[in-house]
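Colleague: This is the content of structure34.cif (mmCIF, C-alpha atoms):
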data_protein
loop_
_atom_site.group_PDB
_atom_site.id
_atom_site.type_symbol
_atom_site.label_atom_id
_atom_site.label_comp_id
_atom_site.auth_asym_id
_atom_site.auth_seq_id
_atom_site.Cartn_x
_atom_site.Cartn_y
_atom_site.Cartn_z
ATOM 1 C CA MET A 1 0.000 0.000 0.000
ATOM 2 C CA LYS A 2 1.284 3.440 -0.953
ATOM 3 C CA VAL A 3 -0.171 6.969 -0.919
ATOM 4 C CA LEU A 4 0.319 9.491 -3.720
ATOM 5 C CA SER A 5 -0.603 13.137 -3.182
ATOM 6 C CA GLY A 6 -1.948 15.521 -5.775
ATOM 7 C CA THR A 7 -1.334 19.243 -5.309
ATOM 8 C CA SER A 8 -4.835 20.280 -4.179
ATOM 9 C CA ASN A 9 -4.373 19.400 -0.498
ATOM 10 C CA VAL A 10 -0.812 18.286 0.241
ATOM 11 C CA LYS A 11 -1.203 19.047 3.953
ATOM 12 C CA LEU A 12 -4.055 16.548 4.324
ATOM 13 C CA SER A 13 -2.185 13.949 2.254
ATOM 14 C CA LYS A 14 0.841 14.223 4.538
ATOM 15 C CA GLU A 15 -1.351 13.815 7.627
ATOM 16 C CA ILE A 16 -3.003 10.713 6.165
ATOM 17 C CA ALA A 17 0.374 9.188 5.244
ATOM 18 C CA LYS A 18 1.741 10.001 8.703
ATOM 19 C CA ARG A 19 -1.153 8.212 10.387
ATOM 20 C CA LEU A 20 -0.563 5.196 8.151
ATOM 21 C CA LYS A 21 3.169 5.350 8.964
ATOM 22 C CA LEU A 22 4.001 5.744 5.287
ATOM 23 C CA LYS A 23 5.928 8.168 3.130
ATOM 24 C CA LEU A 24 4.180 9.781 0.184
ATOM 25 C CA VAL A 25 5.082 8.337 -3.210
ATOM 26 C CA ASN A 26 8.020 10.239 -4.705
ATOM 27 C CA SER A 27 6.586 12.069 -7.710
ATOM 28 C CA ASN A 28 6.864 15.225 -9.802
ATOM 29 C CA ILE A 29 3.642 17.066 -10.634
ATOM 30 C CA ILE A 30 4.303 20.213 -12.630
ATOM 31 C CA ARG A 31 2.559 22.552 -15.082
ATOM 32 C CA PHE A 32 3.962 23.380 -18.477
ATOM 33 C CA ALA A 33 3.892 27.010 -19.626
ATOM 34 C CA ASP A 34 0.545 26.485 -21.372
ATOM 35 C CA GLY A 35 -1.030 24.930 -18.254
ATOM 36 C CA GLU A 36 -0.702 21.259 -19.206
ATOM 37 C CA VAL A 37 -0.247 18.866 -16.275
ATOM 38 C CA TYR A 38 2.821 16.615 -16.214
ATOM 39 C CA VAL A 39 3.074 13.727 -13.733
ATOM 40 C CA GLU A 40 6.154 11.553 -13.206
ATOM 41 C CA ILE A 41 6.404 8.709 -10.687
ATOM 42 C CA ASN A 42 9.976 8.532 -9.351
ATOM 43 C CA GLU A 43 9.879 5.131 -7.631
ATOM 44 C CA ASN A 44 8.926 1.563 -8.441
ATOM 45 C CA ILE A 45 5.220 0.936 -7.687
ATOM 46 C CA ARG A 46 4.742 -2.253 -9.736
ATOM 47 C CA GLY A 47 2.229 -4.551 -8.039
ATOM 48 C CA ASN A 48 1.363 -2.025 -5.289
ATOM 49 C CA SER A 49 -2.066 -0.796 -4.202
ATOM 50 C CA ILE A 50 -1.965 2.991 -4.631
ATOM 51 C CA PHE A 51 -4.259 5.554 -3.014
ATOM 52 C CA VAL A 52 -4.281 8.939 -4.815
ATOM 53 C CA VAL A 53 -5.423 11.797 -2.542
ATOM 54 C CA GLN A 54 -6.799 14.731 -4.528
ATOM 55 C CA SER A 55 -9.785 17.051 -3.919
ATOM 56 C CA SER A 56 -11.345 18.612 -7.008
ATOM 57 C CA SER A 57 -11.460 22.004 -5.313
ATOM 58 C CA GLN A 58 -10.735 25.390 -6.855
ATOM 59 C CA PRO A 59 -9.430 25.492 -9.571
ATOM 60 C CA ALA A 60 -11.730 22.513 -10.043
ATOM 61 C CA ASN A 61 -10.883 21.733 -13.661
ATOM 62 C CA ASP A 62 -7.112 21.817 -13.063
ATOM 63 C CA HIS A 63 -7.316 19.578 -10.009
ATOM 64 C CA LEU A 64 -9.677 17.142 -11.732
ATOM 65 C CA MET A 65 -7.393 16.860 -14.762
ATOM 66 C CA GLU A 66 -4.417 16.387 -12.449
ATOM 67 C CA LEU A 67 -6.214 13.493 -10.736
ATOM 68 C CA LEU A 68 -6.893 11.842 -14.101
ATOM 69 C CA VAL A 69 -3.271 12.212 -15.214
ATOM 70 C CA CYS A 70 -2.038 10.797 -11.870
ATOM 71 C CA ILE A 71 -4.305 7.759 -12.275
ATOM 72 C CA ASP A 72 -3.108 7.193 -15.831
ATOM 73 C CA ALA A 73 0.551 7.505 -14.805
ATOM 74 C CA LEU A 74 0.015 4.947 -12.041
ATOM 75 C CA ARG A 75 -1.798 2.556 -14.376
ATOM 76 C CA ARG A 76 1.038 2.767 -16.888
ATOM 77 C CA SER A 77 3.495 2.158 -14.021
ATOM 78 C CA SER A 78 1.853 -1.256 -13.412
ATOM 79 C CA ALA A 79 0.156 -0.448 -10.095
ATOM 80 C CA LYS A 80 -1.891 -3.420 -8.907
ATOM 81 C CA ASN A 81 -4.959 -1.272 -8.227
ATOM 82 C CA ILE A 82 -5.647 2.448 -7.895
ATOM 83 C CA THR A 83 -8.051 4.057 -5.430
ATOM 84 C CA ALA A 84 -9.015 7.681 -6.003
ATOM 85 C CA VAL A 85 -9.368 9.310 -2.576
ATOM 86 C CA ILE A 86 -11.395 12.466 -3.286
ATOM 87 C CA PRO A 87 -12.217 14.229 0.013
ATOM 88 C CA TYR A 88 -14.187 16.912 -1.857
ATOM 89 C CA PHE A 89 -15.900 15.619 -5.001
ATOM 90 C CA GLY A 90 -16.332 18.620 -7.305
ATOM 91 C CA TYR A 91 -19.267 18.856 -9.741
ATOM 92 C CA ALA A 92 -21.405 16.863 -7.276
ATOM 93 C CA ARG A 93 -24.052 19.604 -7.381
ATOM 94 C CA GLN A 94 -24.608 18.863 -11.069
ATOM 95 C CA ASP A 95 -26.167 15.458 -10.440
ATOM 96 C CA ARG A 96 -29.381 15.861 -12.479
ATOM 97 C CA LYS A 97 -31.073 18.006 -15.110
ATOM 98 C CA VAL A 98 -32.760 20.845 -13.229
ATOM 99 C CA VAL A 99 -33.709 22.601 -16.466
ATOM 100 C CA PRO A 100 -33.726 21.293 -20.067
ATOM 101 C CA ARG A 101 -30.566 21.066 -22.176
ATOM 102 C CA THR A 102 -27.997 20.942 -19.381
ATOM 103 C CA ALA A 103 -25.236 18.442 -18.643
ATOM 104 C CA ILE A 104 -25.265 15.912 -15.807
ATOM 105 C CA THR A 105 -21.632 16.693 -15.095
ATOM 106 C CA ALA A 106 -21.293 14.471 -12.015
ATOM 107 C CA LYS A 107 -21.923 11.473 -14.292
ATOM 108 C CA LEU A 108 -19.358 12.750 -16.801
ATOM 109 C CA VAL A 109 -16.738 13.112 -14.028
ATOM 110 C CA SER A 110 -17.466 9.596 -12.753
ATOM 111 C CA ASN A 111 -16.910 8.223 -16.278
ATOM 112 C CA LEU A 112 -13.624 10.106 -16.608
ATOM 113 C CA ILE A 113 -12.283 8.758 -13.295
ATOM 114 C CA THR A 114 -13.321 5.186 -14.137
ATOM 115 C CA ASN A 115 -11.951 5.268 -17.687
ATOM 116 C CA ALA A 116 -8.661 6.778 -16.479
ATOM 117 C CA GLY A 117 -8.068 3.541 -14.577
ATOM 118 C CA ALA A 118 -9.331 3.927 -11.007
ATOM 119 C CA SER A 119 -10.594 0.691 -9.474
ATOM 120 C CA ARG A 120 -12.268 2.314 -6.438
ATOM 121 C CA VAL A 121 -13.286 5.740 -5.114
ATOM 122 C CA VAL A 122 -13.260 7.019 -1.541
ATOM 123 C CA THR A 123 -14.985 10.340 -0.881
ATOM 124 C CA LEU A 124 -16.614 12.315 1.918
ATOM 125 C CA ASP A 125 -20.210 13.539 2.263
ATOM 126 C CA LEU A 126 -21.277 13.412 -1.369
ATOM 127 C CA HIS A 127 -23.727 16.209 -2.122
ATOM 128 C CA ALA A 128 -26.076 13.640 -3.640
ATOM 129 C CA GLY A 129 -25.874 10.009 -2.573
ATOM 130 C CA GLN A 130 -27.060 8.742 -5.955
ATOM 131 C CA ILE A 131 -23.699 9.753 -7.463
ATOM 132 C CA GLN A 132 -22.387 6.452 -6.078
ATOM 133 C CA GLY A 133 -24.564 4.797 -8.725
ATOM 134 C CA PHE A 134 -22.937 6.846 -11.493
ATOM 135 C CA PHE A 135 -19.774 4.764 -11.047
ATOM 136 C CA ASP A 136 -19.276 1.198 -12.298
ATOM 137 C CA ILE A 137 -16.637 0.688 -9.594
ATOM 138 C CA PRO A 138 -17.024 0.543 -5.770
ATOM 139 C CA VAL A 139 -17.532 3.901 -4.030
ATOM 140 C CA ASP A 140 -17.033 4.426 -0.291
ATOM 141 C CA ASN A 141 -18.888 7.560 0.806
ATOM 142 C CA LEU A 142 -17.617 8.504 4.275
ATOM 143 C CA PHE A 143 -19.508 10.776 6.678
ATOM 144 C CA SER A 144 -18.325 13.656 8.851
ATOM 145 C CA THR A 145 -21.271 13.238 11.264
ATOM 146 C CA PRO A 146 -19.261 11.357 13.963
ATOM 147 C CA ILE A 147 -16.568 14.069 13.916
ATOM 148 C CA PHE A 148 -19.189 16.819 14.250
ATOM 149 C CA ALA A 149 -21.027 14.957 17.019
ATOM 150 C CA ARG A 150 -17.835 14.630 19.078
ATOM 151 C CA ASP A 151 -17.127 18.365 18.779
ATOM 152 C CA ILE A 152 -20.716 19.300 19.711
ATOM 153 C CA LYS A 153 -20.702 17.071 22.798
ATOM 154 C CA LYS A 154 -17.362 18.544 23.842
ATOM 155 C CA ASN A 155 -18.081 22.248 23.264
ATOM 156 C CA ILE A 156 -21.856 22.859 23.246
ATOM 157 C CA ASN A 157 -24.563 22.297 25.859
ATOM 158 C CA THR A 158 -26.712 19.585 24.250
ATOM 159 C CA LYS A 159 -29.642 19.883 26.693
ATOM 160 C CA ASN A 160 -31.314 22.635 24.663
ATOM 161 C CA LEU A 161 -30.066 21.734 21.191
ATOM 162 C CA VAL A 162 -31.776 21.694 17.790
ATOM 163 C CA CYS A 163 -30.105 20.387 14.613
ATOM 164 C CA VAL A 164 -31.157 22.501 11.641
ATOM 165 C CA SER A 165 -31.184 21.571 7.967
ATOM 166 C CA PRO A 166 -30.704 24.658 5.756
ATOM 167 C CA ASP A 167 -32.986 23.104 3.116
ATOM 168 C CA VAL A 168 -35.366 20.192 2.639
ATOM 169 C CA GLY A 169 -32.728 18.103 0.855
ATOM 170 C CA GLY A 170 -30.475 18.002 3.928
ATOM 171 C CA VAL A 171 -33.047 16.701 6.416
ATOM 172 C CA GLU A 172 -31.501 13.222 6.614
ATOM 173 C CA ARG A 173 -28.109 14.763 7.432
ATOM 174 C CA ALA A 174 -29.631 16.837 10.257
ATOM 175 C CA ARG A 175 -31.557 13.817 11.533
ATOM 176 C CA ALA A 176 -28.401 11.666 11.593
ATOM 177 C CA LEU A 177 -26.539 14.276 13.640
ATOM 178 C CA GLY A 178 -29.579 14.783 15.881
ATOM 179 C CA ARG A 179 -29.638 11.070 16.736
ATOM 180 C CA ARG A 180 -26.006 11.172 17.831
ATOM 181 C CA VAL A 181 -26.407 14.244 20.073
ATOM 182 C CA ASN A 182 -29.983 13.461 21.197
ATOM 183 C CA ALA A 183 -31.468 16.634 19.660
ATOM 184 C CA SER A 184 -34.644 17.510 17.781
ATOM 185 C CA ILE A 185 -34.520 18.918 14.248
ATOM 186 C CA ALA A 186 -35.779 21.973 12.391
ATOM 187 C CA ILE A 187 -35.852 22.836 8.693
ATOM 188 C CA VAL A 188 -35.238 26.080 6.843
ATOM 189 C CA ASP A 189 -37.778 26.456 4.034
ATOM 190 C CA LYS A 190 -35.579 27.951 1.310
ATOM 191 C CA ARG A 191 -36.212 29.150 -2.227
ATOM 192 C CA ARG A 192 -33.572 29.818 -4.880
ATOM 193 C CA PRO A 193 -34.560 32.707 -7.178
ATOM 194 C CA ALA A 194 -31.376 32.087 -9.208
ATOM 195 C CA PRO A 195 -28.316 29.762 -9.073
ATOM 196 C CA GLY A 196 -26.040 30.721 -6.184
ATOM 197 C CA LYS A 197 -28.716 32.884 -4.523
ATOM 198 C CA SER A 198 -31.015 31.825 -1.706
ATOM 199 C CA GLU A 199 -33.935 33.393 0.071
ATOM 200 C CA VAL A 200 -35.194 32.035 3.401
ATOM 201 C CA MET A 201 -38.959 31.778 3.534
ATOM 202 C CA ASN A 202 -39.810 30.108 6.854
ATOM 203 C CA ILE A 203 -38.541 27.963 9.740
ATOM 204 C CA VAL A 204 -40.250 24.593 10.272
ATOM 205 C CA GLY A 205 -39.857 23.576 13.916
ATOM 206 C CA ASN A 206 -39.461 25.238 17.312
ATOM 207 C CA VAL A 207 -36.194 27.142 17.727
ATOM 208 C CA LYS A 208 -37.186 29.828 20.239
ATOM 209 C CA GLY A 209 -34.660 29.971 23.081
ATOM 210 C CA LYS A 210 -32.790 26.986 21.599
ATOM 211 C CA ILE A 211 -29.137 26.481 20.673
ATOM 212 C CA CYS A 212 -29.257 25.785 16.936
ATOM 213 C CA VAL A 213 -26.689 23.791 14.971
ATOM 214 C CA ILE A 214 -26.949 24.146 11.197
ATOM 215 C CA VAL A 215 -25.500 21.092 9.446
ATOM 216 C CA ASP A 216 -24.745 20.920 5.732
ATOM 217 C CA ASP A 217 -22.275 19.390 3.265
ATOM 218 C CA ILE A 218 -21.078 22.481 1.359
ATOM 219 C CA ILE A 219 -20.664 26.185 2.097
ATOM 220 C CA ASP A 220 -19.856 28.049 -1.112
ATOM 221 C CA SER A 221 -20.702 31.761 -1.286
ATOM 222 C CA GLY A 222 -21.996 31.716 2.302
ATOM 223 C CA GLY A 223 -25.369 33.253 1.434
ATOM 224 C CA THR A 224 -27.459 30.245 2.441
ATOM 225 C CA ILE A 225 -25.859 29.929 5.881
ATOM 226 C CA VAL A 226 -25.906 33.680 6.611
ATOM 227 C CA ASN A 227 -29.606 33.893 5.659
ATOM 228 C CA ALA A 228 -30.429 30.790 7.702
ATOM 229 C CA VAL A 229 -28.624 32.191 10.765
ATOM 230 C CA LYS A 230 -30.552 35.466 10.469
ATOM 231 C CA ALA A 231 -33.865 33.639 10.104
ATOM 232 C CA LEU A 232 -33.157 31.472 13.159
ATOM 233 C CA LYS A 233 -32.180 34.522 15.217
ATOM 234 C CA ASP A 234 -35.360 36.317 14.087
ATOM 235 C CA LYS A 235 -37.357 33.316 15.334
ATOM 236 C CA GLY A 236 -35.744 33.637 18.780
ATOM 237 C CA ALA A 237 -32.820 31.203 18.649
ATOM 238 C CA ALA A 238 -30.373 31.767 21.525
ATOM 239 C CA ASP A 239 -27.154 30.878 19.661
ATOM 240 C CA VAL A 240 -26.496 29.537 16.179
ATOM 241 C CA TYR A 241 -23.564 27.319 15.202
ATOM 242 C CA ALA A 242 -22.831 25.847 11.770
ATOM 243 C CA TYR A 243 -21.091 22.548 11.008
ATOM 244 C CA ILE A 244 -20.259 22.216 7.305
ATOM 245 C CA THR A 245 -18.129 19.479 5.709
ATOM 246 C CA HIS A 246 -16.715 21.172 2.607
ATOM 247 C CA ALA A 247 -15.617 24.811 2.885
ATOM 248 C CA VAL A 248 -15.565 26.007 -0.733
ATOM 249 C CA LEU A 249 -15.763 29.636 0.513
ATOM 250 C CA SER A 250 -15.749 31.340 -2.880
ATOM 251 C CA GLY A 251 -15.638 35.114 -3.347
ATOM 252 C CA ASN A 252 -16.196 37.124 -0.161
ATOM 253 C CA ALA A 253 -17.709 34.211 1.789
ATOM 254 C CA VAL A 254 -15.284 34.595 4.717
ATOM 255 C CA ASP A 255 -16.243 38.263 5.132
ATOM 256 C CA LYS A 256 -19.932 37.323 5.095
ATOM 257 C CA ILE A 257 -19.349 34.785 7.860
ATOM 258 C CA ASN A 258 -17.349 37.292 9.932
ATOM 259 C CA LYS A 259 -20.184 39.845 9.710
ATOM 260 C CA SER A 260 -22.960 37.329 10.370
ATOM 261 C CA GLN A 261 -24.537 36.366 13.700
ATOM 262 C CA VAL A 262 -23.186 32.808 13.627
ATOM 263 C CA LYS A 263 -21.265 32.028 16.819
ATOM 264 C CA LYS A 264 -18.949 29.450 15.249
ATOM 265 C CA LEU A 265 -18.531 27.793 11.860
ATOM 266 C CA LEU A 266 -16.751 24.454 11.997
ATOM 267 C CA VAL A 267 -15.487 22.934 8.733
ATOM 268 C CA THR A 268 -13.251 20.011 7.784
ATOM 269 C CA ASP A 269 -9.932 20.155 5.945
ATOM 270 C CA SER A 270 -11.296 18.332 2.864
ATOM 271 C CA ILE A 271 -10.360 21.577 1.071
ATOM 272 C CA ASP A 272 -7.169 23.429 1.956
ATOM 273 C CA ASN A 273 -8.301 26.887 3.111
ATOM 274 C CA SER A 274 -5.325 27.699 5.330
ATOM 275 C CA LYS A 275 -4.730 31.091 3.661
ATOM 276 C CA LYS A 276 -8.383 32.198 3.643
ATOM 277 C CA LEU A 277 -9.117 31.232 7.225
ATOM 278 C CA LYS A 278 -6.359 33.414 8.678
ATOM 279 C CA LYS A 279 -8.849 36.267 8.266
ATOM 280 C CA SER A 280 -11.507 34.736 10.511
ATOM 281 C CA SER A 281 -11.730 33.918 14.209
ATOM 282 C CA LYS A 282 -15.257 32.470 13.782
ATOM 283 C CA ILE A 283 -14.199 29.632 11.478
ATOM 284 C CA GLN A 284 -12.537 26.560 12.966
ATOM 285 C CA VAL A 285 -11.144 23.513 11.152
ATOM 286 C CA VAL A 286 -11.298 19.882 12.257
ATOM 287 C CA SER A 287 -9.185 17.286 10.459
ATOM 288 C CA ILE A 288 -10.561 14.259 8.634
ATOM 289 C CA SER A 289 -7.101 12.695 8.298
ATOM 290 C CA SER A 290 -7.632 10.023 10.969
ATOM 291 C CA MET A 291 -10.946 8.899 9.438
ATOM 292 C CA MET A 292 -9.509 8.863 5.911
ATOM 293 C CA ALA A 293 -6.437 6.942 7.078
ATOM 294 C CA GLU A 294 -8.575 4.368 8.867
ATOM 295 C CA ALA A 295 -10.784 3.918 5.788
ATOM 296 C CA ILE A 296 -7.704 3.431 3.579
ATOM 297 C CA LYS A 297 -6.293 0.892 6.044
ATOM 298 C CA ARG A 298 -9.563 -1.055 6.087
ATOM 299 C CA ILE A 299 -9.829 -1.079 2.297
ATOM 300 C CA SER A 300 -6.242 -2.321 2.051
ATOM 301 C CA ASN A 301 -6.967 -5.055 4.610
ATOM 302 C CA SER A 302 -10.342 -5.952 3.021
ATOM 303 C CA THR A 303 -12.272 -5.204 6.216
ATOM 304 C CA SER A 304 -15.506 -3.260 6.739
ATOM 305 C CA VAL A 305 -15.530 0.505 6.130
ATOM 306 C CA SER A 306 -19.189 1.023 7.049
ATOM 307 C CA SER A 307 -18.560 -0.173 10.610
ATOM 308 C CA LEU A 308 -16.609 3.079 11.126
ATOM 309 C CA PHE A 309 -19.960 4.875 11.434
ATOM 310 C CA LYS A 310 -21.941 2.508 13.648
#
Would you encode the structure as structure tokens?
Modeller:
Amino acid sequence: MKVLSGTSNVKLSKEIAKRLKLKLVNSNIIRFADGEVYVEINENIRGNSIFVVQSSSQPANDHLMELLVCIDALRRSSAKNITAVIPYFGYARQDRKVVPRTAITAKLVSNLITNAGASRVVTLDLHAGQIQGFFDIPVDNLFSTPIFARDIKKNINTKNLVCVSPDVGGVERARALGRRVNASIAIVDKRRPAPGKSEVMNIVGNVKGKICVIVDDIIDSGGTIVNAVKALKDKGAADVYAYITHAVLSGNAVDKINKSQVKKLLVTDSIDNSKKLKKSSKIQVVSISSMMAEAIKRISNSTSVSSLFK
């Protein structure tokens, strides 16, 4: 078993390798002057099981192409099998046709990864669970819920807690966290007048005087979370926290969070935001390296991954 790191999140890759007591595969990943990706493997990997760690975060297209080239280089280097470890699976929000004449890009990406030569995929909190079915290879979709539950029990009074889904589609996620921390749930009734814009309409559930924890898989521009926090506060919520897996944080999202009424935003390191987060005292990061390392170890040993979340 060996671990190869792409360039999207080298810090996380090093942490995973350290927990597995391994060194990262010696490789060169460079860009030519015109932007082409060049990957060279500098050690013998023939007959090895290789795990490639690469999030398709911003710039999404560059990092996705880099992952494909890494997989192809490993395949041509006679690796026994190749597992694409994709902590943040980009294009996951394009999982269906919302309007006519649009691409289902998540399916296209799954085909690219499979055809490049990956024999398995490991990812975290897929935006849409059905994306697992887009692949013709095994997909292990890990969950950040246990990590979030541990932090909540450690740092928040759970006696007066409500887990809040920022939209109808995330109810199951809020319910799963609520079961672990013994909390009720509430739902933000949200409308999207245009892509990337959200408008809160109503709160379903009792939040007056409660400590609210918003749970979601992705925070991008920050508008949805900021609006949800305001709506919860307007309905009488005592404090509002947010626990989000993937911190895309595009544009001025960090400034929006800093100016909002959210008490704390906790995110994982599935995306490397070390430079952006220096500007915020409200945003905290929890590492997924131990969970990813354990999943990789179990896959390598052919033992159960799902039992991690029981």
Colleague: Could you work out an axis-aligned box for segment 211-222 of chain A, taking every atom the file lists and adding 5 Å on each side, and report centre and edge lengths in Å to one decimal, as JSON?
Modeller:
{"center_x": -24.6, "center_y": 25.6, "center_z": 9.7, "size_x": 19.4, "size_y": 22.4, "size_z": 32.0}
Colleague: When the PyMOL selection byres ((chain A and resi 247) around 7) is applied to the structure above, which residues does it catch, written out as a list in words?
Modeller: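 Expected selection for the PyMOL selection byres ((chain A and resi 247) around 7) here is Ile218, Ile219, Asp220, Ile244, Thr245, His246, Val248, Leu249, Val267 and Ile271 of chain A.
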Colleague: Please write the residues picked by the PyMOL selection byres ((chain A and resi 143) around 10) on this file as a compact mmCIF listing (two decimals) with C-alpha atoms, keeping the file's coordinate frame.
Modeller:
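Output (out14.txt):
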# COMPACT_ATOMS: atom_id res chain seq x y z
CA THR A 123 -14.98 10.34 -0.88
CA LEU A 124 -16.61 12.32 1.92
CA ASP A 125 -20.21 13.54 2.26
CA LEU A 126 -21.28 13.41 -1.37
CA ASP A 140 -17.03 4.43 -0.29
CA ASN A 141 -18.89 7.56 0.81
CA LEU A 142 -17.62 8.50 4.28
CA SER A 144 -18.32 13.66 8.85
CA THR A 145 -21.27 13.24 11.26
CA PRO A 146 -19.26 11.36 13.96
CA ILE A 147 -16.57 14.07 13.92
CA PHE A 148 -19.19 16.82 14.25
CA ARG A 173 -28.11 14.76 7.43
CA ASP A 217 -22.28 19.39 3.26
CA THR A 245 -18.13 19.48 5.71
CA ILE A 288 -10.56 14.26 8.63
CA MET A 291 -10.95 8.90 9.44
CA SER A 306 -19.19 1.02 7.05
CA LEU A 308 -16.61 3.08 11.13
CA PHE A 309 -19.96 4.88 11.43
Colleague: Name the residues that the PyMOL selection byres ((chain A and resi 40) around 7) picks from the file above, as a list in words, using the file's chain letters and numbers.
Modeller: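 Residues picked by the PyMOL selection byres ((chain A and resi 40) around 7): Ser27, Asn28, Ile29, Tyr38, Val39, Ile41 and Asn42 of chain A.
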Colleague: Which residue out of A:Ile71, A:Val122, A:Ala33, A:Val226 has the minimum interatomic distance to Lys297 of chain A when only C-alpha atoms are used?
Modeller: A:Val122
Colleague: Work out how far apart atom CA of Lys2 of chain A and atom CA of Glu66 of chain A are and give it in Å to one decimal.
Modeller: 18.2 Å
Colleague: Would you list the contacts of Asn301 of chain A as a PyMOL selection string, taking every protein, DNA or RNA residue within 12 Å and counting only C-alpha atoms, but skipping same-chain residues closer than 5 positions in sequence?
Modeller: chain A and resi 1+49+294-296
Colleague: Mind checking which residues fall within 12 Å of Lys18 of chain A, counting all atoms listed in the file, ignoring those fewer than 3 positions away in the same chain, and posting them as a list in words?
Modeller: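 Once the nearby chain positions are removed, what remains is Lys2, Val3, Lys11, Leu12, Ser13, Lys14, Glu15, Lys21, Leu22, Lys23, Leu24, Ser289, Ser290, Met292, Ala293 and Glu294 of chain A.
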Colleague: Kindly export the residues of the current selection with C-alpha atoms, as a short mmCIF file (atom, residue, chain, number, x, y, z; two decimals), keeping the file's coordinate frame.
Modeller:
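The new file again_17.cif reads:
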data_model
loop_
_atom_site.label_atom_id
_atom_site.label_comp_id
_atom_site.auth_asym_id
_atom_site.auth_seq_id
_atom_site.Cartn_x
_atom_site.Cartn_y
_atom_site.Cartn_z
CA LYS A 2 1.28 3.44 -0.95
CA VAL A 3 -0.17 6.97 -0.92
CA LYS A 11 -1.20 19.05 3.95
CA LEU A 12 -4.06 16.55 4.32
CA SER A 13 -2.18 13.95 2.25
CA LYS A 14 0.84 14.22 4.54
CA GLU A 15 -1.35 13.82 7.63
CA LYS A 21 3.17 5.35 8.96
CA LEU A 22 4.00 5.74 5.29
CA LYS A 23 5.93 8.17 3.13
CA LEU A 24 4.18 9.78 0.18
CA SER A 289 -7.10 12.70 8.30
CA SER A 290 -7.63 10.02 10.97
CA MET A 292 -9.51 8.86 5.91
CA ALA A 293 -6.44 6.94 7.08
CA GLU A 294 -8.57 4.37 8.87
#
Colleague: Might you pull out every residue within 12 Å of Ser119 of chain A, with all atoms listed in the file counted and same-chain residues fewer than 3 positions away left off, and present them as a ChimeraX atom specification?
Modeller: /A:49-52,71-72,74-75,79-85,110-111,113-116,122,135-140,299
Colleague: Would you list the contacts of segment 154-158 of chain A as a PyMOL selection string, taking every protein, DNA or RNA residue within 8 Å and counting all atoms listed in the file, but skipping same-chain residues closer than 3 positions in sequence?
Modeller: chain A and resi 150-151+161+181-183
Colleague: Suppose we keep C-alpha atoms; can you now write the selection as a CSV table (one decimal), keeping the file's coordinate frame?
Modeller:
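Dumped to selection_2.csv:
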chain,number,residue,atom,x,y,z
A,150,ARG,CA,-17.8,14.6,19.1
A,151,ASP,CA,-17.1,18.4,18.8
A,161,LEU,CA,-30.1,21.7,21.2
A,181,VAL,CA,-26.4,14.2,20.1
A,182,ASN,CA,-30.0,13.5,21.2
A,183,ALA,CA,-31.5,16.6,19.7
Colleague: Kindly give the distance, in Å, that separates atom CA of Arg191 of chain A and atom CA of Phe89 of chain A, rounded to a single decimal.
Modeller: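 So the answer is 24.6 Å.
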Colleague: Would you kindly return, as a PyMOL selection string, each protein, DNA or RNA residue with an atom no farther than 10 Å from any atom of Lys233 of chain A, considering all atoms listed in the file and excluding same-chain residues fewer than 6 positions away?
Modeller: chain A and resi 207-210+212+227+239-240+261-262
Colleague: Between atom CA of Leu64 of chain A and atom CA of Ala17 of chain A, what is the distance in Å, rounded to a tenth?
Modeller: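 These atoms are spaced 21.3 Å apart.
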Colleague: Name the closest residue to Gly35 of chain A among the candidates A:Asn61, A:Ile283, A:Gly47, A:Met201; distances are taken between atoms, counting only C-alpha atoms.
Modeller: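 Among the listed residues, the smallest separation from Gly35 of chain A belongs to A:Asn61.
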Colleague: Rank nothing, just name the residue among A:Ser57, A:Thr102, A:Ser300, A:Ser307 nearest to Arg120 of chain A, using only C-alpha atoms.
Modeller: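 Using only C-alpha atoms, the shortest distance to Arg120 of chain A belongs to A:Ser300.
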Colleague: Counting only C-alpha atoms, which of A:Ser55, A:Ser5, A:Thr224, A:Asn258 gets nearest to Ile86 of chain A?
Modeller: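 Checking each of A:Ser55, A:Ser5, A:Thr224, A:Asn258 against Ile86 of chain A, counting only C-alpha atoms, the winner is A:Ser55.
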Colleague: So, counting only C-alpha atoms, which residue among A:Glu36, A:Leu4, A:Ser302, A:Ser77 is closest to Gly117 of chain A?
Modeller: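 The shortest atom-to-atom distance to Gly117 of chain A comes from A:Ser77.
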Colleague: Given all atoms listed in the file as the basis, pick out the residue of A:Leu177, A:Ala149, A:Leu68, A:Ala128 nearest to Leu112 of chain A.
Modeller: A:Leu68
